[in-house]
Amino acid sequence: ISDNWLDISTAGNYTDFPHEKSLELMSRVAGWVCGRNGIFMDFFGGSGSAAHAIISMNRADGGQRRFVLVEAANYFDSEILPRL
């Protein structure tokens with residue numbers, strides 16, 4: 001583990017989802033990989049943390065980031081949609 005991860009929590013606390021990723025973690029990763037105009041793909045969409053982070057980042061800095069979430073379980077209606 002490098003210093004890049006020691007100042008943030010990896011676990012989220014926005015929902016009761018058992019393995020929620022933190023907004024800070026998703027924002028940091030998205031900032032590194034897609035800049036202000038890229039596409040962020042999350043193949044484990046679960047609680048919607050990545051989408052929430054992208055929307056928040058775009059609102060904060062006027063970015064044009066987009067996201068793709070993949071969720072194979074039934075969490076879209078119960079977790080992701082209400083969160084977004």
# chains A, B, ... in the order shown; residues from 1 in each chain; ligands from 1

$ residues_around --residues "A:Thr10" --least-positions-apart "6" --cutoff "6 Å" --atoms "only C-alpha atoms" --output "ChimeraX atom specification"
/A:21-22,25

$ select_by_dssp --residues "chain A" --states "helix (DSSP H, G or I)" --output "PDB file with C-alpha atoms, in the first residue's frame"
ATOM      1  CA  ASP A   3       0.736   6.749   0.755  1.00  0.00           C
ATOM      2  CA  ASN A   4      -2.009   7.420  -1.813  1.00  0.00           C
ATOM      3  CA  TRP A   5      -4.505   5.347   0.159  1.00  0.00           C
ATOM      4  CA  LEU A  23     -16.963   8.273  -2.303  1.00  0.00           C
ATOM      5  CA  GLU A  24     -13.447   9.497  -1.563  1.00  0.00           C
ATOM      6  CA  LEU A  25     -11.951   6.288  -2.950  1.00  0.00           C
ATOM      7  CA  MET A  26     -14.093   6.363  -6.085  1.00  0.00           C
ATOM      8  CA  SER A  27     -13.394  10.077  -6.633  1.00  0.00           C
ATOM      9  CA  ARG A  28      -9.650   9.575  -6.341  1.00  0.00           C
ATOM     10  CA  VAL A  29      -9.607   6.633  -8.733  1.00  0.00           C
ATOM     11  CA  ALA A  30     -11.908   8.393 -11.216  1.00  0.00           C
ATOM     12  CA  GLY A  31      -9.733  11.500 -11.127  1.00  0.00           C
ATOM     13  CA  TRP A  32      -6.689   9.431 -12.002  1.00  0.00           C
ATOM     14  CA  VAL A  33      -8.205   7.342 -14.768  1.00  0.00           C
ATOM     15  CA  CYS A  34     -10.714   9.543 -16.557  1.00  0.00           C
ATOM     16  CA  SER A  49     -20.658   4.621  -5.163  1.00  0.00           C
ATOM     17  CA  ALA A  50     -18.840   5.132  -8.465  1.00  0.00           C
ATOM     18  CA  ALA A  51     -21.822   6.806 -10.132  1.00  0.00           C
ATOM     19  CA  HIS A  52     -22.401   8.981  -7.063  1.00  0.00           C
ATOM     20  CA  ALA A  53     -18.741  10.049  -7.103  1.00  0.00           C
ATOM     21  CA  ILE A  54     -18.804  10.880 -10.835  1.00  0.00           C
ATOM     22  CA  ILE A  55     -21.985  12.948 -10.515  1.00  0.00           C
ATOM     23  CA  SER A  56     -20.542  14.823  -7.519  1.00  0.00           C
ATOM     24  CA  MET A  57     -17.252  15.482  -9.314  1.00  0.00           C
ATOM     25  CA  ASN A  58     -19.052  16.822 -12.394  1.00  0.00           C
ATOM     26  CA  ARG A  59     -21.160  19.144 -10.267  1.00  0.00           C
ATOM     27  CA  ALA A  60     -18.104  20.407  -8.389  1.00  0.00           C
ATOM     28  CA  ASP A  61     -15.835  21.149 -11.339  1.00  0.00           C
ATOM     29  CA  TYR A  75     -29.365  -3.968  -6.392  1.00  0.00           C
ATOM     30  CA  PHE A  76     -30.262  -1.578  -9.199  1.00  0.00           C
ATOM     31  CA  ASP A  77     -33.795  -0.913  -7.959  1.00  0.00           C
ATOM     32  CA  SER A  78     -33.067  -1.238  -4.235  1.00  0.00           C
ATOM     33  CA  GLU A  79     -29.677   0.519  -3.908  1.00  0.00           C
ATOM     34  CA  ILE A  80     -28.441   2.287  -7.040  1.00  0.00           C
ATOM     35  CA  LEU A  81     -31.568   4.030  -8.325  1.00  0.00           C
ATOM     36  CA  PRO A  82     -32.628   5.543  -4.982  1.00  0.00           C
ATOM     37  CA  ARG A  83     -29.067   6.763  -4.346  1.00  0.00           C
TER      38      ARG A  83
END

$ residues_around --residues "A:Asp42" --least-positions-apart "2" --cutoff "8 Å" --atoms "only C-alpha atoms" --output "PyMOL selection string"
chain A and resi 40+44-45+50+67-70
